[in-house]
$ cat input.tsv   # TSV, C-alpha atoms and all ligand atoms
chain	number	residue	atom	x	y	z
O	1	MET	CA	39.73	111.77	141.24
O	2	THR	CA	38.68	111.63	137.58
O	3	ILE	CA	35.06	111.80	136.52
O	4	LEU	CA	33.74	110.74	133.14
O	5	VAL	CA	30.86	112.99	132.10
O	6	CYS	CA	28.78	111.40	129.34
O	7	GLY	CA	26.88	114.17	127.57
O	8	GLY	CA	29.18	116.93	128.88
O	9	ALA	CA	28.73	118.98	125.68
O	10	GLY	CA	25.00	119.29	126.37
O	11	TYR	CA	23.02	121.78	128.42
O	12	ILE	CA	23.00	120.28	131.92
O	13	GLY	CA	26.22	118.30	131.43
O	14	SER	CA	28.24	121.40	130.47
O	15	HIS	CA	27.02	123.32	133.54
O	16	THR	CA	27.97	120.39	135.76
O	17	VAL	CA	31.41	120.17	134.14
O	18	LYS	CA	31.94	123.87	134.88
O	19	VAL	CA	31.39	123.26	138.59
O	20	LEU	CA	33.26	119.94	138.63
O	21	THR	CA	36.49	121.20	137.05
O	22	SER	CA	37.27	123.38	140.07
O	23	GLU	CA	37.82	120.23	142.16
O	24	TYR	CA	38.09	117.19	139.89
O	25	ASP	CA	39.73	116.00	136.69
O	26	VAL	CA	37.03	115.64	134.07
O	27	VAL	CA	36.79	113.63	130.86
O	28	ILE	CA	33.83	114.38	128.59
O	29	LEU	CA	32.39	111.74	126.27
O	30	ASP	CA	29.93	113.17	123.75
O	31	ASN	CA	28.93	112.40	120.18
O	32	LEU	CA	27.77	116.01	119.64
O	33	THR	CA	24.38	114.91	118.27
O	34	THR	CA	22.50	117.45	120.43
O	35	GLY	CA	25.50	118.99	122.19
O	36	TYR	CA	27.79	121.72	120.90
O	37	PRO	CA	31.56	122.27	120.72
O	38	PHE	CA	31.08	125.75	122.27
O	39	LEU	CA	29.70	124.09	125.43
O	40	LEU	CA	32.90	122.06	125.89
O	41	ASN	CA	35.08	123.12	128.79
O	42	ASP	CA	38.80	123.92	128.23
O	43	LYS	CA	39.70	122.42	131.59
O	44	ALA	CA	38.26	119.00	130.68
O	45	SER	CA	39.57	116.36	128.24
O	46	PHE	CA	37.20	115.66	125.38
O	47	GLU	CA	36.66	112.24	123.81
O	48	LYS	CA	34.34	112.42	120.82
O	49	GLY	CA	32.35	109.22	120.40
O	50	ASP	CA	29.19	107.31	121.09
O	51	LEU	CA	28.66	105.68	124.46
O	52	GLY	CA	26.89	102.78	122.76
O	53	ASP	CA	30.19	101.84	121.09
O	54	PRO	CA	32.14	99.40	123.30
O	55	ALA	CA	35.40	100.26	121.49
O	56	VAL	CA	35.01	103.93	122.45
O	57	LEU	CA	34.49	102.96	126.08
O	58	ASP	CA	37.47	100.57	126.01
O	59	ARG	CA	39.61	103.43	124.72
O	60	ILE	CA	38.44	105.81	127.46
O	61	PHE	CA	38.61	103.39	130.38
O	62	LYS	CA	42.12	102.28	129.33
O	63	LYS	CA	43.42	105.80	128.76
O	64	HIS	CA	41.97	107.55	131.83
O	65	ASN	CA	41.81	106.34	135.39
O	66	ILE	CA	38.06	106.92	135.80
O	67	ASP	CA	36.62	106.90	139.35
O	68	ALA	CA	32.99	107.72	138.57
O	69	VAL	CA	30.58	108.31	135.70
O	70	PHE	CA	28.00	111.12	135.52
O	71	HIS	CA	25.56	110.08	132.79
O	72	PHE	CA	23.65	112.91	131.07
O	73	ALA	CA	23.80	111.57	127.51
O	74	ALA	CA	20.32	110.82	126.19
O	75	ASN	CA	17.61	111.92	123.82
O	76	SER	CA	14.97	113.82	125.72
O	77	LEU	CA	12.17	115.09	123.50
O	78	VAL	CA	8.89	113.62	124.71
O	79	GLY	CA	7.03	114.03	121.39
O	80	GLU	CA	9.88	112.57	119.37
O	81	SER	CA	9.99	109.59	121.71
O	82	VAL	CA	6.34	108.80	120.87
O	83	GLN	CA	7.04	109.08	117.12
O	84	ASN	CA	10.35	107.20	117.20
O	85	PRO	CA	10.41	104.93	120.26
O	86	LEU	CA	13.24	102.73	118.99
O	87	LYS	CA	15.58	105.74	118.86
O	88	TYR	CA	14.87	106.27	122.58
O	89	TYR	CA	15.19	102.63	123.61
O	90	LYS	CA	18.40	102.35	121.57
O	91	ASN	CA	20.10	105.51	122.78
O	92	ASN	CA	18.73	105.85	126.31
O	93	VAL	CA	18.51	102.16	127.24
O	94	SER	CA	20.76	100.05	125.00
O	95	ALA	CA	23.70	102.49	124.95
O	96	THR	CA	23.45	102.90	128.73
O	97	ILE	CA	23.57	99.11	129.15
O	98	THR	CA	26.80	99.10	127.11
O	99	LEU	CA	28.17	101.78	129.41
O	100	LEU	CA	27.21	99.87	132.57
O	101	ASP	CA	28.69	96.67	131.13
O	102	LYS	CA	32.01	98.41	130.54
O	103	MET	CA	31.94	100.04	133.98
O	104	VAL	CA	31.55	96.59	135.55
O	105	GLU	CA	34.34	95.21	133.33
O	106	TYR	CA	36.75	98.01	134.30
O	107	GLY	CA	35.70	98.15	137.96
O	108	VAL	CA	34.38	101.73	137.80
O	109	ASN	CA	31.80	101.61	140.55
O	110	LYS	CA	30.19	105.02	141.04
O	111	PHE	CA	27.38	106.23	138.81
O	112	ILE	CA	25.16	109.32	138.85
O	113	PHE	CA	22.19	109.06	136.51
O	114	SER	CA	20.06	111.85	134.99
O	115	SER	CA	16.45	110.78	135.32
O	116	THR	CA	13.31	112.83	134.98
O	117	ALA	CA	9.93	113.84	136.36
O	118	ALA	CA	8.57	112.08	133.27
O	119	THR	CA	9.00	108.78	135.17
O	120	TYR	CA	5.94	109.77	137.27
O	121	GLY	CA	3.61	110.18	134.28
O	122	ILE	CA	0.39	111.88	135.42
O	123	PRO	CA	0.65	111.65	139.20
O	124	ASP	CA	-2.41	111.83	141.43
O	125	THR	CA	-0.75	114.20	143.88
O	126	ASP	CA	0.28	117.85	143.68
O	127	LEU	CA	3.55	117.37	145.58
O	128	ILE	CA	5.59	114.48	144.20
O	129	THR	CA	7.87	112.52	146.52
O	130	GLU	CA	10.15	109.65	145.53
O	131	ASP	CA	7.44	107.30	146.89
O	132	THR	CA	4.84	108.59	144.43
O	133	ALA	CA	4.03	105.79	141.98
O	134	THR	CA	6.01	105.84	138.75
O	135	ASN	CA	3.85	105.41	135.69
O	136	PRO	CA	5.55	106.96	132.65
O	137	ILE	CA	3.25	107.67	129.71
O	138	ASN	CA	5.79	108.00	126.89
O	139	PRO	CA	8.88	106.10	125.67
O	140	TYR	CA	11.19	108.85	126.97
O	141	GLY	CA	9.96	108.48	130.57
O	142	LYS	CA	9.83	104.70	130.21
O	143	SER	CA	13.43	104.57	128.92
O	144	LYS	CA	14.64	106.43	132.02
O	145	LEU	CA	12.65	104.23	134.40
O	146	MET	CA	14.04	101.11	132.68
O	147	ILE	CA	17.56	102.27	133.48
O	148	GLU	CA	16.54	102.96	137.08
O	149	ASP	CA	15.34	99.33	137.34
O	150	ILE	CA	18.45	98.00	135.60
O	151	LEU	CA	20.67	99.93	138.02
O	152	SER	CA	18.89	98.37	140.97
O	153	ASP	CA	19.39	94.84	139.58
O	154	VAL	CA	23.03	95.42	138.59
O	155	SER	CA	23.96	96.89	141.97
O	156	ASP	CA	22.53	93.78	143.68
O	157	VAL	CA	25.21	91.57	142.14
O	158	HIS	CA	28.04	93.85	141.03
O	159	ASN	CA	30.23	96.34	142.82
O	160	LEU	CA	28.30	99.35	141.50
O	161	GLU	CA	26.80	102.13	143.58
O	162	TYR	CA	24.53	104.72	142.07
O	163	VAL	CA	22.40	107.78	142.65
O	164	VAL	CA	19.42	108.52	140.42
O	165	LEU	CA	18.46	112.20	140.16
O	166	ARG	CA	14.98	112.90	138.85
O	167	TYR	CA	15.08	116.48	137.57
O	168	PHE	CA	11.95	118.53	137.23
O	169	ASN	CA	12.14	121.48	134.78
O	170	ALA	CA	15.78	122.45	134.28
O	171	ALA	CA	16.19	126.13	133.40
O	172	GLY	CA	18.58	129.08	133.66
O	173	ALA	CA	22.19	129.60	132.66
O	174	HIS	CA	25.60	129.86	134.28
O	175	GLU	CA	26.16	133.17	136.11
O	176	SER	CA	29.02	134.01	133.69
O	177	ALA	CA	26.56	133.79	130.76
O	178	GLU	CA	29.33	131.88	128.96
O	179	ILE	CA	27.11	128.82	128.67
O	180	GLY	CA	23.36	128.33	128.75
O	181	GLU	CA	20.48	126.34	127.35
O	182	SER	CA	20.90	125.40	123.68
O	183	HIS	CA	18.53	122.89	122.13
O	184	ASP	CA	17.58	122.57	118.48
O	185	PRO	CA	14.66	122.37	118.19
O	186	GLU	CA	13.96	124.20	121.44
O	187	THR	CA	10.77	122.93	123.05
O	188	HIS	CA	11.14	124.28	126.60
O	189	LEU	CA	8.94	127.14	127.73
O	190	ILE	CA	11.43	129.61	129.24
O	191	PRO	CA	13.91	129.73	126.31
O	192	ILE	CA	11.01	129.92	123.85
O	193	VAL	CA	9.47	132.91	125.67
O	194	LEU	CA	12.84	134.68	125.97
O	195	GLN	CA	13.68	134.05	122.30
O	196	HIS	CA	10.32	135.60	121.42
O	197	LEU	CA	11.01	138.63	123.63
O	198	LEU	CA	14.37	139.00	121.84
O	199	GLY	CA	12.58	139.10	118.48
O	200	GLU	CA	13.58	135.62	117.32
O	201	ARG	CA	10.03	134.24	117.30
O	202	LYS	CA	6.86	136.05	116.20
O	203	GLN	CA	4.74	134.87	119.12
O	204	ILE	CA	4.44	132.25	121.78
O	205	SER	CA	1.78	129.59	122.11
O	206	VAL	CA	0.28	128.69	125.46
O	207	PHE	CA	-0.65	125.02	125.25
O	208	GLY	CA	-4.00	124.69	127.03
O	209	THR	CA	-5.98	127.07	129.23
O	210	ASP	CA	-8.53	124.62	130.63
O	211	TYR	CA	-6.38	122.63	133.07
O	212	ASP	CA	-7.47	122.12	136.65
O	213	THR	CA	-5.00	124.72	137.94
O	214	PRO	CA	-5.55	128.22	139.42
O	215	ASP	CA	-5.31	130.02	136.04
O	216	GLY	CA	-6.04	127.05	133.74
O	217	THR	CA	-2.47	126.70	132.41
O	218	CYS	CA	0.01	123.95	133.36
O	219	VAL	CA	2.02	124.27	136.55
O	220	ARG	CA	5.68	123.18	136.67
O	221	ASP	CA	8.60	123.25	139.09
O	222	TYR	CA	11.57	125.13	137.55
O	223	ILE	CA	15.02	124.42	138.93
O	224	HIS	CA	18.25	126.30	138.14
O	225	VAL	CA	20.78	124.28	136.17
O	226	THR	CA	23.53	125.26	138.65
O	227	ASP	CA	21.44	123.83	141.49
O	228	LEU	CA	21.23	120.61	139.48
O	229	ALA	CA	25.00	120.68	138.92
O	230	ASN	CA	25.63	121.10	142.66
O	231	ALA	CA	23.32	118.18	143.45
O	232	HIS	CA	25.48	115.91	141.26
O	233	ILE	CA	28.59	116.79	143.19
O	234	LEU	CA	26.86	116.25	146.54
O	235	ALA	CA	25.53	112.92	145.28
O	236	TYR	CA	29.00	111.83	144.18
O	237	GLU	CA	30.56	112.92	147.48
O	238	GLY	CA	27.73	111.15	149.30
O	239	LEU	CA	28.66	107.92	147.50
O	240	VAL	CA	32.36	108.37	148.26
O	241	ASN	CA	31.69	109.13	151.95
O	242	LYS	CA	29.21	106.26	152.16
O	243	GLU	CA	26.35	108.58	153.21
O	244	VAL	CA	24.16	107.27	150.39
O	245	ALA	CA	24.09	104.37	147.94
O	246	ASN	CA	21.55	103.21	145.40
O	247	GLU	CA	19.07	106.00	146.07
O	248	VAL	CA	16.61	107.99	143.99
O	249	PHE	CA	16.18	111.72	144.61
O	250	ASN	CA	13.85	114.37	143.20
O	251	LEU	CA	15.36	117.71	142.27
O	252	GLY	CA	13.04	120.69	142.18
O	253	ASN	CA	12.34	123.96	143.98
O	254	GLY	CA	9.12	122.70	145.57
O	255	ALA	CA	7.15	125.62	144.10
O	256	GLY	CA	4.87	125.46	141.09
O	257	TYR	CA	4.45	128.22	138.49
O	258	SER	CA	1.90	128.28	135.71
O	259	VAL	CA	2.72	128.95	132.07
O	260	LYS	CA	1.06	132.37	132.41
O	261	GLU	CA	3.14	133.18	135.49
O	262	ILE	CA	6.34	132.20	133.65
O	263	ILE	CA	5.48	134.53	130.78
O	264	GLU	CA	4.79	137.36	133.26
O	265	VAL	CA	8.16	136.91	135.00
O	266	CYS	CA	9.91	136.78	131.60
O	267	GLU	CA	8.18	140.07	130.67
O	268	LYS	CA	9.23	141.62	133.97
O	269	VAL	CA	12.86	140.50	133.68
O	270	SER	CA	13.19	141.63	130.04
O	271	GLY	CA	11.02	144.77	130.28
O	272	LYS	CA	9.19	143.66	127.10
O	273	SER	CA	5.65	142.49	126.30
O	274	ALA	CA	4.86	139.13	124.76
O	275	VAL	CA	2.46	138.36	121.93
O	276	ILE	CA	0.54	135.32	123.13
O	277	GLU	CA	-1.54	132.81	121.20
O	278	TYR	CA	-3.77	130.56	123.30
O	279	ALA	CA	-3.60	127.12	121.70
O	280	ASP	CA	-4.87	123.60	122.34
O	281	ARG	CA	-3.34	121.35	124.94
O	282	ARG	CA	-0.07	119.61	124.00
O	283	THR	CA	-0.56	115.83	124.13
O	284	GLY	CA	0.77	114.19	127.27
O	285	ASP	CA	1.15	117.30	129.46
O	286	PRO	CA	0.12	116.66	133.08
O	287	ALA	CA	-1.66	119.64	134.71
O	288	THR	CA	0.75	119.98	137.63
O	289	LEU	CA	4.24	118.63	138.38
O	290	VAL	CA	5.84	119.90	141.57
O	291	ALA	CA	8.64	118.13	143.44
O	292	SER	CA	9.20	117.52	147.06
O	293	SER	CA	13.01	117.53	147.34
O	294	LYS	CA	12.94	116.94	151.08
O	295	LYS	CA	14.73	113.60	150.79
O	296	ILE	CA	17.88	115.01	149.21
O	297	GLU	CA	17.80	117.99	151.57
O	298	GLU	CA	17.72	115.62	154.54
O	299	LYS	CA	20.23	113.04	153.26
O	300	LEU	CA	22.74	115.25	151.46
O	301	GLY	CA	22.03	118.80	152.63
O	302	TRP	CA	21.13	119.97	149.11
O	303	LYS	CA	19.06	123.13	148.95
O	304	PRO	CA	18.27	125.09	145.79
O	305	GLN	CA	19.93	128.52	145.78
O	306	PHE	CA	18.02	130.21	142.96
O	307	ASP	CA	14.40	131.38	142.82
O	308	LEU	CA	12.32	131.79	139.67
O	309	GLU	CA	13.31	135.40	138.99
O	310	GLU	CA	17.00	134.52	139.31
O	311	ILE	CA	16.52	131.50	137.03
O	312	ILE	CA	14.83	133.59	134.35
O	313	GLY	CA	17.29	136.48	134.87
O	314	SER	CA	20.26	134.20	134.21
O	315	ALA	CA	18.55	132.71	131.14
O	316	TRP	CA	17.79	136.22	129.87
O	317	ARG	CA	21.45	137.27	130.15
O	318	TRP	CA	22.51	134.13	128.26
O	319	HIS	CA	19.95	134.43	125.46
O	320	SER	CA	20.60	138.19	125.10
O	321	LYS	CA	24.30	137.47	124.61
O	322	GLU	CA	23.63	134.54	122.28
O	323	THR	CA	21.37	136.68	120.07
O	324	LYS	CA	23.98	139.44	119.54
B	1	LIG	N1	16.52	119.62	130.23
B	1	LIG	C1	15.62	119.20	131.13
B	1	LIG	O1	14.72	119.93	131.56
B	1	LIG	C2	15.70	117.78	131.66
B	1	LIG	C3	14.75	117.37	132.59
B	1	LIG	C4	14.82	116.08	133.11
B	1	LIG	C5	15.85	115.23	132.72
B	1	LIG	N2	16.75	115.64	131.80
B	1	LIG	C6	17.84	114.70	131.42
B	1	LIG	O2	19.08	115.34	131.63
B	1	LIG	C7	20.05	114.91	130.67
B	1	LIG	C8	20.68	116.11	130.00
B	1	LIG	O3	19.65	116.87	129.35
B	1	LIG	P1	20.03	118.16	128.50
B	1	LIG	O4	18.85	119.05	128.47
B	1	LIG	O5	21.35	118.69	128.96
B	1	LIG	O6	20.19	117.49	127.05
B	1	LIG	P2	21.21	117.83	125.88
B	1	LIG	O7	20.63	117.24	124.64
B	1	LIG	O8	21.56	119.28	125.88
B	1	LIG	O9	22.51	116.99	126.30
B	1	LIG	C9	22.68	115.62	126.03
B	1	LIG	C10	24.13	115.42	125.54
B	1	LIG	O10	24.37	114.02	125.36
B	1	LIG	C11	25.01	113.81	124.10
B	1	LIG	N3	24.65	112.45	123.68
B	1	LIG	C12	23.40	111.94	123.46
B	1	LIG	N4	23.48	110.65	123.13
B	1	LIG	C13	24.80	110.30	123.17
B	1	LIG	C14	25.51	109.09	122.92
B	1	LIG	N5	24.89	107.97	122.56
B	1	LIG	N6	26.86	109.11	123.03
B	1	LIG	C15	27.52	110.24	123.39
B	1	LIG	N7	26.89	111.41	123.64
B	1	LIG	C16	25.55	111.44	123.51
B	1	LIG	C17	24.47	114.91	123.21
B	1	LIG	O11	25.29	115.20	122.11
B	1	LIG	C18	24.40	116.09	124.19
B	1	LIG	O12	25.62	116.79	124.27
B	1	LIG	C19	19.28	113.96	129.74
B	1	LIG	O13	19.56	112.64	130.15
B	1	LIG	C20	17.83	114.31	129.96
B	1	LIG	O14	16.99	113.22	129.71
B	1	LIG	C21	16.72	116.89	131.27
B	2	LIG	O1	5.88	126.92	123.61
B	2	LIG	C1	5.49	126.39	124.67
B	2	LIG	C2	6.29	125.45	125.37
B	2	LIG	C3	5.78	124.89	126.52
B	2	LIG	N1	4.55	125.24	126.97
B	2	LIG	C4	4.04	124.65	128.22
B	2	LIG	O2	4.94	124.98	129.25
B	2	LIG	C5	5.00	123.92	130.21
B	2	LIG	C6	6.43	123.48	130.38
B	2	LIG	O3	6.84	122.85	129.16
B	2	LIG	P1	8.35	122.46	128.84
B	2	LIG	O4	8.35	121.82	127.50
B	2	LIG	O5	9.23	123.61	129.11
B	2	LIG	O6	8.67	121.38	129.95
B	2	LIG	P2	7.95	120.01	130.28
B	2	LIG	O7	7.33	120.18	131.63
B	2	LIG	O8	7.10	119.51	129.20
B	2	LIG	O9	9.23	119.06	130.25
B	2	LIG	C7	10.04	118.78	131.34
B	2	LIG	O10	9.59	117.59	131.90
B	2	LIG	C8	9.55	116.52	130.98
B	2	LIG	C9	8.96	115.39	131.73
B	2	LIG	O11	7.65	115.67	132.10
B	2	LIG	C10	10.96	116.24	130.44
B	2	LIG	O12	11.80	115.71	131.45
B	2	LIG	C11	11.56	117.50	129.87
B	2	LIG	O13	12.91	117.29	129.47
B	2	LIG	C12	11.48	118.60	130.88
B	2	LIG	O14	11.94	119.82	130.39
B	2	LIG	C13	4.10	122.81	129.66
B	2	LIG	O15	2.85	122.91	130.28
B	2	LIG	C14	3.96	123.15	128.18
B	2	LIG	O16	2.73	122.74	127.61
B	2	LIG	C15	3.76	126.15	126.31
B	2	LIG	O17	2.65	126.46	126.73
B	2	LIG	N2	4.27	126.70	125.18

$ encode --input "input.tsv" --output "structure tokens" --more "lines below"
Ligand SMILES: NC(=O)c1ccc[n+]([C@@H]2O[C@H](COP(=O)([O-])OP(=O)(O)OC[C@H]3O[C@@H](n4cnc5c(N)ncnc54)[C@H](O)[C@@H]3O)[C@@H](O)[C@H]2O)c1
Ligand SMILES: O=c1ccn([C@@H]2O[C@H](COP(=O)(O)OP(=O)(O)O[C@H]3O[C@H](CO)[C@H](O)[C@H](O)[C@H]3O)[C@@H](O)[C@H]2O)c(=O)[nH]1
Amino acid sequence: MTILVCGGAGYIGSHTVKVLTSEYDVVILDNLTTGYPFLLNDKASFEKGDLGDPAVLDRIFKKHNIDAVFHFAANSLVGESVQNPLKYYKNNVSATITLLDKMVEYGVNKFIFSSTAATYGIPDTDLITEDTATNPINPYGKSKLMIEDILSDVSDVHNLEYVVLRYFNAAGAHESAEIGESHDPETHLIPIVLQHLLGERKQISVFGTDYDTPDGTCVRDYIHVTDLANAHILAYEGLVNKEVANEVFNLGNGAGYSVKEIIEVCEKVSGKSAVIEYADRRTGDPATLVASSKKIEEKLGWKPQFDLEEIIGSAWRWHSKETK
């Protein structure tokens, strides 16, 4: 079995490739716009190119006997998506349509799609299930929901089966500390706090202290990147074994932690104290986003293996190594 991983030189894609290569042949397609050569895996073939380019896809589908596509490649900065919506609709929607078109043409009929909690917008519940209404409030979340809708329509008339995985807050690094989270600019809380504790940033800003949460700061559901990687493999095997088809699943730990709590755990793990600036709210941040992942537990037996301290511990080992 050969799996094409679009975006395999990025954060979550590279961790999934690491798990996948123990059992499957892997081809990575990446244009290295936000991914890095050092995240590429020696055991996988690498095709440099853009998934919006039909000629690149022709080359790959002719050269490799692809059985399934895992699609991580996207732009995913919420603020940037508001400033530059066309970039998001072009890369996240248009390029994905090109990919789906070529999959249909070449008869590649299994697809695992990276979606996001941002599809829910500002939900009116504290525990989000897949039945919670989707109401994205920025072009990034909208672009992901558009692909979810397109997948549903395409699978009605073509031989294409898919699983949509809506990740909550991906965090942590591989246990080897060989790969970990690398974004430039980094906007995610945990790497920012750890980079500060390693002396790379003067201070950290807490965006908003007046939310309707126990300590006034935003609550999120942090999920280890290896747990996300494992969910992809279960989803793929579920498609192959006909246990699931054309389903949407949340992926989170089911526990919410506030920004203040995250900083405290980072301080505990690192043994260092943070310099904190309390700042205004960041536009578009919902107060609380916590996932119910009961559906994927019941249908595919997925269960997260890592708790918050393990997530932050693995990230700390990665960032400490990266800083040396
Ligand atoms: N990081 C999170 O917390 C999070 C949460 C929810 C959803 N997601 C989704 O998960 C996926 C992976 O996120 P990540 O944090 O690993 O991002 P990332 O930026 O590290 O990885 C994306 C990869 O895709 C590549 N890429 C982008 N556009 C491409 C194109 N047109 N052609 C070829 N390659 C292209 C980039 O070079 C990069 O290697 C994204 O789809 C993102 O929207 C991430
Ligand atoms: O320097 C910082 C960075 C973040 N935060 C806060 O920490 C929380 C988590 O922020 P992140 O940026 O780490 O994560 P988000 O919850 O904003 O983003 C996650 O969910 C989004 C959808 O809601 C996207 O899917 C995104 O890729 C994913 O990481 C938020 O309340 C944010 O305001 C700070 O206080 N200071």

$ closest_atom_pairs --input "input.tsv" --of "range 187-282 of chain O" --to "range 298-321 of chain O" --cutoff "9 Å" --atoms "all atoms listed in the file" --output "Markdown table"
| residue | atom | partner | partner_atom | distance |
| --- | --- | --- | --- | --- |
| O:Ile190 | CA | O:Ile312 | CA | 7.3 |
| O:Pro191 | CA | O:Ala315 | CA | 7.3 |
| O:Leu194 | CA | O:Trp316 | CA | 6.5 |
| O:Gln195 | CA | O:His319 | CA | 7.0 |
| O:Leu198 | CA | O:Ser320 | CA | 7.1 |
| O:Tyr222 | CA | O:Leu308 | CA | 7.0 |
| O:Ile223 | CA | O:Ile311 | CA | 7.5 |
| O:His224 | CA | O:Ile311 | CA | 5.6 |
| O:Val225 | CA | O:Ile311 | CA | 8.4 |
| O:Thr226 | CA | O:Phe306 | CA | 8.6 |
| O:Asp227 | CA | O:Pro304 | CA | 5.5 |
| O:Leu228 | CA | O:Pro304 | CA | 8.3 |
| O:Asn230 | CA | O:Trp302 | CA | 7.9 |
| O:Ala231 | CA | O:Trp302 | CA | 6.3 |
| O:Leu234 | CA | O:Leu300 | CA | 6.5 |
| O:Ala235 | CA | O:Leu300 | CA | 7.2 |
| O:Gly238 | CA | O:Leu300 | CA | 6.8 |
| O:Glu243 | CA | O:Lys299 | CA | 7.6 |
| O:Val244 | CA | O:Lys299 | CA | 7.5 |
| O:Leu251 | CA | O:Pro304 | CA | 8.7 |
| O:Gly252 | CA | O:Pro304 | CA | 7.7 |
| O:Asn253 | CA | O:Pro304 | CA | 6.3 |
| O:Tyr257 | CA | O:Leu308 | CA | 8.7 |
| O:Ile262 | CA | O:Leu308 | CA | 8.5 |
| O:Val265 | CA | O:Glu309 | CA | 6.7 |
| O:Cys266 | CA | O:Ile312 | CA | 6.5 |
| O:Lys268 | CA | O:Glu309 | CA | 9.0 |
| O:Val269 | CA | O:Gly313 | CA | 6.1 |
| O:Ser270 | CA | O:Trp316 | CA | 7.1 |

$ closest_atom_pairs --input "input.tsv" --of "chain O" --to "ligand LIG 2 (chain B)" --cutoff "6 Å" --atoms "only C-alpha atoms and all ligand atoms" --output "CSV"
residue,atom,partner,partner_atom,distance
O:Ser76,CA,B:LIG2,O13,5.5
O:Thr116,CA,B:LIG2,O12,4.8
O:Ala117,CA,B:LIG2,C9,5.0
O:Ala118,CA,B:LIG2,C9,3.7
O:Phe168,CA,B:LIG2,O10,5.9
O:Asn169,CA,B:LIG2,O14,4.7
O:Thr187,CA,B:LIG2,O4,5.2
O:His188,CA,B:LIG2,O5,3.2
O:Leu189,CA,B:LIG2,O5,3.8
O:Ile192,CA,B:LIG2,O1,5.9
O:Ile204,CA,B:LIG2,O1,5.8
O:Ser205,CA,B:LIG2,N2,4.9
O:Val206,CA,B:LIG2,O17,3.5
O:Phe207,CA,B:LIG2,O17,3.9
O:Cys218,CA,B:LIG2,O15,4.3
O:Val259,CA,B:LIG2,O2,5.4
O:Arg282,CA,B:LIG2,O16,5.5
O:Asp285,CA,B:LIG2,O15,5.9

$ closest_residue --input "input.tsv" --among "O:Thr125, O:Ser176, O:Ser182, O:Asn135" --to "ligand LIG 1 (chain B)" --atoms "all atoms listed in the file"
O:Ser182

$ residues_near_ligand --input "input.tsv" --ligand "ligand LIG 1 (chain B)" --cutoff "8 Å" --atoms "only C-alpha atoms and all ligand atoms" --output "short mmCIF file (atom, residue, chain, number, x, y, z; two decimals) with C-alpha atoms, in the frame of the given file"
data_model
loop_
_atom_site.label_atom_id
_atom_site.label_comp_id
_atom_site.auth_asym_id
_atom_site.auth_seq_id
_atom_site.Cartn_x
_atom_site.Cartn_y
_atom_site.Cartn_z
CA CYS O 6 28.78 111.40 129.34
CA GLY O 7 26.88 114.17 127.57
CA GLY O 8 29.18 116.93 128.88
CA ALA O 9 28.73 118.98 125.68
CA GLY O 10 25.00 119.29 126.37
CA TYR O 11 23.02 121.78 128.42
CA ILE O 12 23.00 120.28 131.92
CA GLY O 13 26.22 118.30 131.43
CA SER O 14 28.24 121.40 130.47
CA LEU O 29 32.39 111.74 126.27
CA ASP O 30 29.93 113.17 123.75
CA ASN O 31 28.93 112.40 120.18
CA LEU O 32 27.77 116.01 119.64
CA THR O 33 24.38 114.91 118.27
CA THR O 34 22.50 117.45 120.43
CA GLY O 35 25.50 118.99 122.19
CA TYR O 36 27.79 121.72 120.90
CA LYS O 48 34.34 112.42 120.82
CA GLY O 49 32.35 109.22 120.40
CA ASP O 50 29.19 107.31 121.09
CA LEU O 51 28.66 105.68 124.46
CA GLY O 52 26.89 102.78 122.76
CA HIS O 71 25.56 110.08 132.79
CA PHE O 72 23.65 112.91 131.07
CA ALA O 73 23.80 111.57 127.51
CA ALA O 74 20.32 110.82 126.19
CA ASN O 75 17.61 111.92 123.82
CA SER O 76 14.97 113.82 125.72
CA ASN O 91 20.10 105.51 122.78
CA ASN O 92 18.73 105.85 126.31
CA ALA O 95 23.70 102.49 124.95
CA PHE O 113 22.19 109.06 136.51
CA SER O 114 20.06 111.85 134.99
CA SER O 115 16.45 110.78 135.32
CA THR O 116 13.31 112.83 134.98
CA ALA O 117 9.93 113.84 136.36
CA ALA O 118 8.57 112.08 133.27
CA TYR O 140 11.19 108.85 126.97
CA LYS O 144 14.64 106.43 132.02
CA ARG O 166 14.98 112.90 138.85
CA TYR O 167 15.08 116.48 137.57
CA PHE O 168 11.95 118.53 137.23
CA ASN O 169 12.14 121.48 134.78
CA ALA O 170 15.78 122.45 134.28
CA ALA O 171 16.19 126.13 133.40
CA GLU O 181 20.48 126.34 127.35
CA SER O 182 20.90 125.40 123.68
CA HIS O 183 18.53 122.89 122.13
CA HIS O 188 11.14 124.28 126.60
#

$ residues_near_point --input "input.tsv" --point "(31.5, 98.0, 122.4)" --cutoff "10 Å" --atoms "all atoms listed in the file" --output "list in words"
Asp50, Leu51, Gly52, Asp53, Pro54, Ala55, Val56, Leu57, Asp58, Ala95, Thr98, Leu99, Asp101 and Lys102 of chain O

$ write_last_selection --input "input.tsv" --atoms "C-alpha atoms" --output "CSV table (one decimal), keeping the file's coordinate frame"
chain,number,residue,atom,x,y,z
O,50,ASP,CA,29.2,107.3,121.1
O,51,LEU,CA,28.7,105.7,124.5
O,52,GLY,CA,26.9,102.8,122.8
O,53,ASP,CA,30.2,101.8,121.1
O,54,PRO,CA,32.1,99.4,123.3
O,55,ALA,CA,35.4,100.3,121.5
O,56,VAL,CA,35.0,103.9,122.4
O,57,LEU,CA,34.5,103.0,126.1
O,58,ASP,CA,37.5,100.6,126.0
O,95,ALA,CA,23.7,102.5,125.0
O,98,THR,CA,26.8,99.1,127.1
O,99,LEU,CA,28.2,101.8,129.4
O,101,ASP,CA,28.7,96.7,131.1
O,102,LYS,CA,32.0,98.4,130.5
